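Taking it in order: structure first as C-alpha cells, then the write-up.
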Amino acid sequence: MVGSIVSFSAMAVAGRYVSTGLDTFEIMLYRSLLGVVIISSIVTLTGKRRTVATRHIGTHIIRNISHFTGQNLWFYAITVIPLAQVFALEFTGPIWAMLLATLVLGERLTWPRSLAALVGFLGILIVTRPSPETLSPGLFAAAGAAIGFAGSAIFTRKLTRTDSTLCILFWLTLTQAVMGLVCAGFDGDIALPSAEAVPGVIVIGVAGLCAHYCLTTALGLAPASVVMPIDFTRLPVIAIVGMLLYAEPLDPWVLLGAALIFAANYANILRETRAARPSAG
C-alpha cells in the first residue's frame, strides 16, 4: 500500500508537470505505449502468452473505454483544480461502482448500500460546495473520472472471473494505446515529449502500472476493510504535496467531505464483509 500511495502521488505530480507540453490524449498515448512494452515483456519472459485470451475482447474494450475516459478526465482535473480535491472526488468511485453494479452485474441495491451512497453524496457536496462561484470544469472532470473508474472496476470484476490479471493489463494498455493514438492524432498533430518531459512520461507509465499492481496485491494479501483505510491516506499525502510544490491551501472542507466519503465506503465494506462471513457451527 505504501507503493500504491507513492505511485499514485508520483503520477499526479508527473502528470501536472508534462501537461504544459502534452494534452491528455498524448499523455495517455505515451503512457499506454510504455505499458504495452512493459506488460508484453513480462508476458514473454514469464512464458504466459497463453493467458492473453481474446474470448472476452468485447468486455475488455468496454472496460478500457470507461478507464480511458476516466483517466483522461483525471489528467485534465489535476491541472486545473487542487490535487486534494481530485483525490477526494476520486474516492467516490466505490459509491458509483455500487450503483453501477445493479445495472451491469444485477446486484441488489439494499438499504445499507443506499444509505452509504447518500452519505457519500453528502461528502461530494461538502468537497465541491456547489455554487456559481465554486463550480468549475475541473470539478466536473474529477467527478466524471470517478464514474469512469467505477465503470472500469465493474467490468474488471466481471473479467477477473475468467481472465488473468496479466491478460486484463495487456488489453488495457494495448486498446488504450490505440485510443490514445486516434484521439491524439484527430487534429493531425501529435506532439512528441520534449527532453525535459520524457522523465515525467516514464514516471507516469511506470507509476500507473505499479500503483494498480500494488493495490491489487494488497487486496490479495489483506481484506478491503484493512486495505482501504491505508489507501485513504493518499488524500492527506497529496494535500501536503500540493501545499509544498504548488502552494495549494489545505482546505478543511475538502478533508471533511473526503472523510464522509471514506466513512460511507468503509461502513459498507464492513457490512458486506460481515454478511459474507459464514456463521459459526
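Lettering and numbering for the C-alpha cells are positional, with chains as A, B, ... in the shown order, residues counted from 1 in each chain, and ligands counted from 1 in the shown order.
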Can I get the residues of stretch 18-114 of chain A within 7 Å of stretch 234-252 of chain A, each with the closest pair of atoms and their distance in Å to one decimal, using only C-alpha atoms, sorted chain first then ascending number, as CSV?
residue,atom,partner,partner_atom,distance
A:Pro82,CA,A:Glu248,CA,6.4
A:Leu83,CA,A:Gly242,CA,6.1
A:Ala84,CA,A:Ala239,CA,4.9
A:Phe87,CA,A:Leu235,CA,6.0
A:Ala88,CA,A:Leu235,CA,6.6
Enumerate, in order of chain and increasing residue number, the residues of stretch 28-136 of chain A with an atom no farther than 12 Å from stretch 172-185 of chain A, each with its shortest atom pair and distance in Å to one decimal, counting only C-alpha atoms, as a tab-separated table.
residue	atom	partner	partner_atom	distance
A:Met28	CA	A:Gly180	CA	5.7
A:Leu29	CA	A:Gly180	CA	4.3
A:Tyr30	CA	A:Ala177	CA	7.5
A:Arg31	CA	A:Ala177	CA	7.9
A:Ser32	CA	A:Ala177	CA	4.8
A:Leu33	CA	A:Ala177	CA	5.6
A:Leu34	CA	A:Thr173	CA	8.4
A:Gly35	CA	A:Thr173	CA	5.6
A:Val36	CA	A:Thr173	CA	5.3
A:Val37	CA	A:Thr173	CA	9.0
A:Ile38	CA	A:Thr173	CA	9.5
A:Ile39	CA	A:Thr173	CA	8.1
A:Ser40	CA	A:Leu174	CA	9.7
A:Val52	CA	A:Leu172	CA	11.4
A:Ile57	CA	A:Thr175	CA	10.1
A:Gly58	CA	A:Thr175	CA	11.2
A:Thr59	CA	A:Leu172	CA	11.0
A:His60	CA	A:Leu172	CA	7.3
A:Ile61	CA	A:Thr175	CA	7.0
A:Ile62	CA	A:Thr175	CA	10.2
A:Arg63	CA	A:Leu172	CA	8.2
A:Asn64	CA	A:Leu172	CA	5.7
A:Ile65	CA	A:Gln176	CA	7.6
A:Ser66	CA	A:Gln176	CA	10.3
A:His67	CA	A:Leu172	CA	8.5
A:Phe68	CA	A:Gln176	CA	6.3
A:Thr69	CA	A:Gln176	CA	9.8
A:Gly70	CA	A:Gln176	CA	11.7
A:Gln71	CA	A:Gln176	CA	10.2
A:Asn72	CA	A:Gly180	CA	9.6
> Interatomic distance between atom CA of A:Leu219 and atom CA of A:Phe155?
Replying inline: 17.3 Å
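Residue nearest A:Ala191, chosen from A:Leu22, A:Ala14, A:Ile261, A:Ala267 and counting only C-alpha atoms: A:Leu22.
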> Taking the backbone alone, and naming residues the way the document does, which bits of stretch 6-94 of chain A are helix (DSSP H, G or I) by DSSP, as JSON, numbers by chain?
Replying inline: {"A": [6, 7, 8, 9, 10, 11, 12, 13, 14, 15, 16, 17, 18, 24, 25, 26, 27, 28, 29, 30, 31, 32, 33, 34, 35, 36, 37, 38, 39, 40, 41, 42, 43, 44, 45, 49, 50, 51, 57, 58, 59, 60, 61, 62, 63, 64, 65, 66, 67, 68, 69, 70, 71, 72, 73, 74, 75, 76, 77, 78, 79, 80, 83, 84, 85, 86, 87, 88, 89, 90, 93, 94]}
>> For stretch 135-143 of chain A, find every residue with an atom within 12 Å (counting only C-alpha atoms), except residues of its own chain fewer than 3 positions away, and show them as a ChimeraX atom specification.
In response: /A:69-93,95-96,121,124-125,127-132,146-150
Could those selected residues go to a file with N, CA and C atoms, as a tab-separated table (two decimals), in the first residue's frame?
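Ended up saving to selection-v2.tsv:
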chain	number	residue	atom	x	y	z
A	69	THR	N	-11.63	7.02	-20.60
A	69	THR	CA	-12.37	8.26	-20.37
A	69	THR	C	-12.08	8.82	-18.98
A	70	GLY	N	-12.13	7.94	-17.96
A	70	GLY	CA	-11.85	8.38	-16.61
A	70	GLY	C	-10.43	8.91	-16.45
A	71	GLN	N	-9.45	8.23	-17.06
A	71	GLN	CA	-8.07	8.64	-16.90
A	71	GLN	C	-7.79	9.98	-17.59
A	72	ASN	N	-8.40	10.20	-18.76
A	72	ASN	CA	-8.23	11.48	-19.44
A	72	ASN	C	-8.82	12.62	-18.63
A	73	LEU	N	-10.01	12.40	-18.06
A	73	LEU	CA	-10.63	13.42	-17.22
A	73	LEU	C	-9.78	13.68	-15.98
A	74	TRP	N	-9.18	12.62	-15.43
A	74	TRP	CA	-8.34	12.74	-14.25
A	74	TRP	C	-7.10	13.58	-14.56
A	75	PHE	N	-6.44	13.30	-15.68
A	75	PHE	CA	-5.27	14.06	-16.07
A	75	PHE	C	-5.61	15.54	-16.30
A	76	TYR	N	-6.81	15.79	-16.84
A	76	TYR	CA	-7.22	17.19	-17.02
A	76	TYR	C	-7.48	17.84	-15.67
A	77	ALA	N	-8.17	17.12	-14.77
A	77	ALA	CA	-8.55	17.70	-13.48
A	77	ALA	C	-7.33	18.09	-12.65
A	78	ILE	N	-6.27	17.26	-12.68
A	78	ILE	CA	-5.11	17.56	-11.82
A	78	ILE	C	-4.37	18.83	-12.28
A	79	THR	N	-4.68	19.32	-13.49
A	79	THR	CA	-4.00	20.53	-13.97
A	79	THR	C	-4.77	21.80	-13.66
A	80	VAL	N	-6.06	21.66	-13.26
A	80	VAL	CA	-6.88	22.87	-13.12
A	80	VAL	C	-7.49	23.06	-11.73
A	81	ILE	N	-7.49	22.02	-10.88
A	81	ILE	CA	-8.00	22.18	-9.52
A	81	ILE	C	-7.00	21.58	-8.55
A	82	PRO	N	-7.08	21.93	-7.25
A	82	PRO	CA	-6.13	21.38	-6.27
A	82	PRO	C	-6.11	19.86	-6.28
A	83	LEU	N	-4.93	19.29	-6.08
A	83	LEU	CA	-4.78	17.84	-6.11
A	83	LEU	C	-5.64	17.16	-5.06
A	84	ALA	N	-5.79	17.77	-3.89
A	84	ALA	CA	-6.59	17.16	-2.83
A	84	ALA	C	-8.05	17.02	-3.26
A	85	GLN	N	-8.58	18.00	-4.00
A	85	GLN	CA	-9.95	17.90	-4.49
A	85	GLN	C	-10.10	16.75	-5.47
A	86	VAL	N	-9.13	16.59	-6.35
A	86	VAL	CA	-9.17	15.50	-7.32
A	86	VAL	C	-9.20	14.15	-6.61
A	87	PHE	N	-8.30	13.97	-5.64
A	87	PHE	CA	-8.22	12.69	-4.94
A	87	PHE	C	-9.47	12.45	-4.09
A	88	ALA	N	-10.01	13.52	-3.48
A	88	ALA	CA	-11.22	13.36	-2.67
A	88	ALA	C	-12.38	12.87	-3.53
A	89	LEU	N	-12.56	13.49	-4.71
A	89	LEU	CA	-13.65	13.07	-5.59
A	89	LEU	C	-13.38	11.69	-6.18
A	90	GLU	N	-12.10	11.34	-6.35
A	90	GLU	CA	-11.77	10.01	-6.86
A	90	GLU	C	-12.25	8.92	-5.90
A	91	PHE	N	-12.27	9.22	-4.60
A	91	PHE	CA	-12.71	8.24	-3.62
A	91	PHE	C	-14.21	7.95	-3.68
A	92	THR	N	-14.95	8.69	-4.52
A	92	THR	CA	-16.37	8.37	-4.70
A	92	THR	C	-16.53	7.20	-5.67
A	93	GLY	N	-15.44	6.74	-6.27
A	93	GLY	CA	-15.51	5.64	-7.22
A	93	GLY	C	-16.26	4.42	-6.71
A	95	ILE	N	-18.59	4.22	-4.57
A	95	ILE	CA	-20.03	4.50	-4.47
A	95	ILE	C	-20.68	4.40	-5.85
A	96	TRP	N	-20.03	5.00	-6.86
A	96	TRP	CA	-20.57	4.88	-8.22
A	96	TRP	C	-20.55	3.42	-8.67
A	121	PHE	N	-22.69	11.00	-1.16
A	121	PHE	CA	-23.11	12.16	-1.96
A	121	PHE	C	-23.04	13.43	-1.13
A	124	ILE	N	-19.60	14.54	-1.26
A	124	ILE	CA	-19.32	15.22	-2.54
A	124	ILE	C	-19.75	16.68	-2.47
A	125	LEU	N	-20.92	16.94	-1.90
A	125	LEU	CA	-21.41	18.31	-1.79
A	125	LEU	C	-20.49	19.17	-0.93
A	127	VAL	N	-17.20	18.63	-0.47
A	127	VAL	CA	-15.94	18.83	-1.19
A	127	VAL	C	-16.09	19.90	-2.26
A	128	THR	N	-17.20	19.84	-3.01
A	128	THR	CA	-17.38	20.75	-4.15
A	128	THR	C	-18.03	22.07	-3.77
A	129	ARG	N	-18.88	22.04	-2.70
A	129	ARG	CA	-19.64	23.22	-2.27
A	129	ARG	C	-20.21	23.95	-3.49
A	130	PRO	N	-21.14	23.27	-4.20
A	130	PRO	CA	-21.62	23.79	-5.48
A	130	PRO	C	-22.28	25.15	-5.38
A	131	SER	N	-21.80	26.06	-6.18
A	131	SER	CA	-22.37	27.40	-6.33
A	131	SER	C	-21.82	27.96	-7.62
A	132	PRO	N	-22.41	29.02	-8.15
A	132	PRO	CA	-21.88	29.60	-9.39
A	132	PRO	C	-20.41	29.99	-9.29
A	146	ALA	N	-14.14	9.75	-11.61
A	146	ALA	CA	-14.54	8.75	-10.62
A	146	ALA	C	-15.58	7.79	-11.20
A	147	ILE	N	-16.51	8.32	-11.99
A	147	ILE	CA	-17.52	7.46	-12.62
A	147	ILE	C	-16.87	6.54	-13.65
A	148	GLY	N	-15.91	7.09	-14.42
A	148	GLY	CA	-15.20	6.27	-15.39
A	148	GLY	C	-14.42	5.15	-14.72
A	149	PHE	N	-13.76	5.45	-13.61
A	149	PHE	CA	-13.01	4.42	-12.88
A	149	PHE	C	-13.96	3.38	-12.28
A	150	ALA	N	-15.15	3.84	-11.86
A	150	ALA	CA	-16.13	2.91	-11.31
A	150	ALA	C	-16.60	1.92	-12.37
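Counting only C-alpha atoms and comparing A:Ala222, A:Ala258, A:Val206, A:Ala53, the residue that lies closest to A:Thr162 is A:Ala53.
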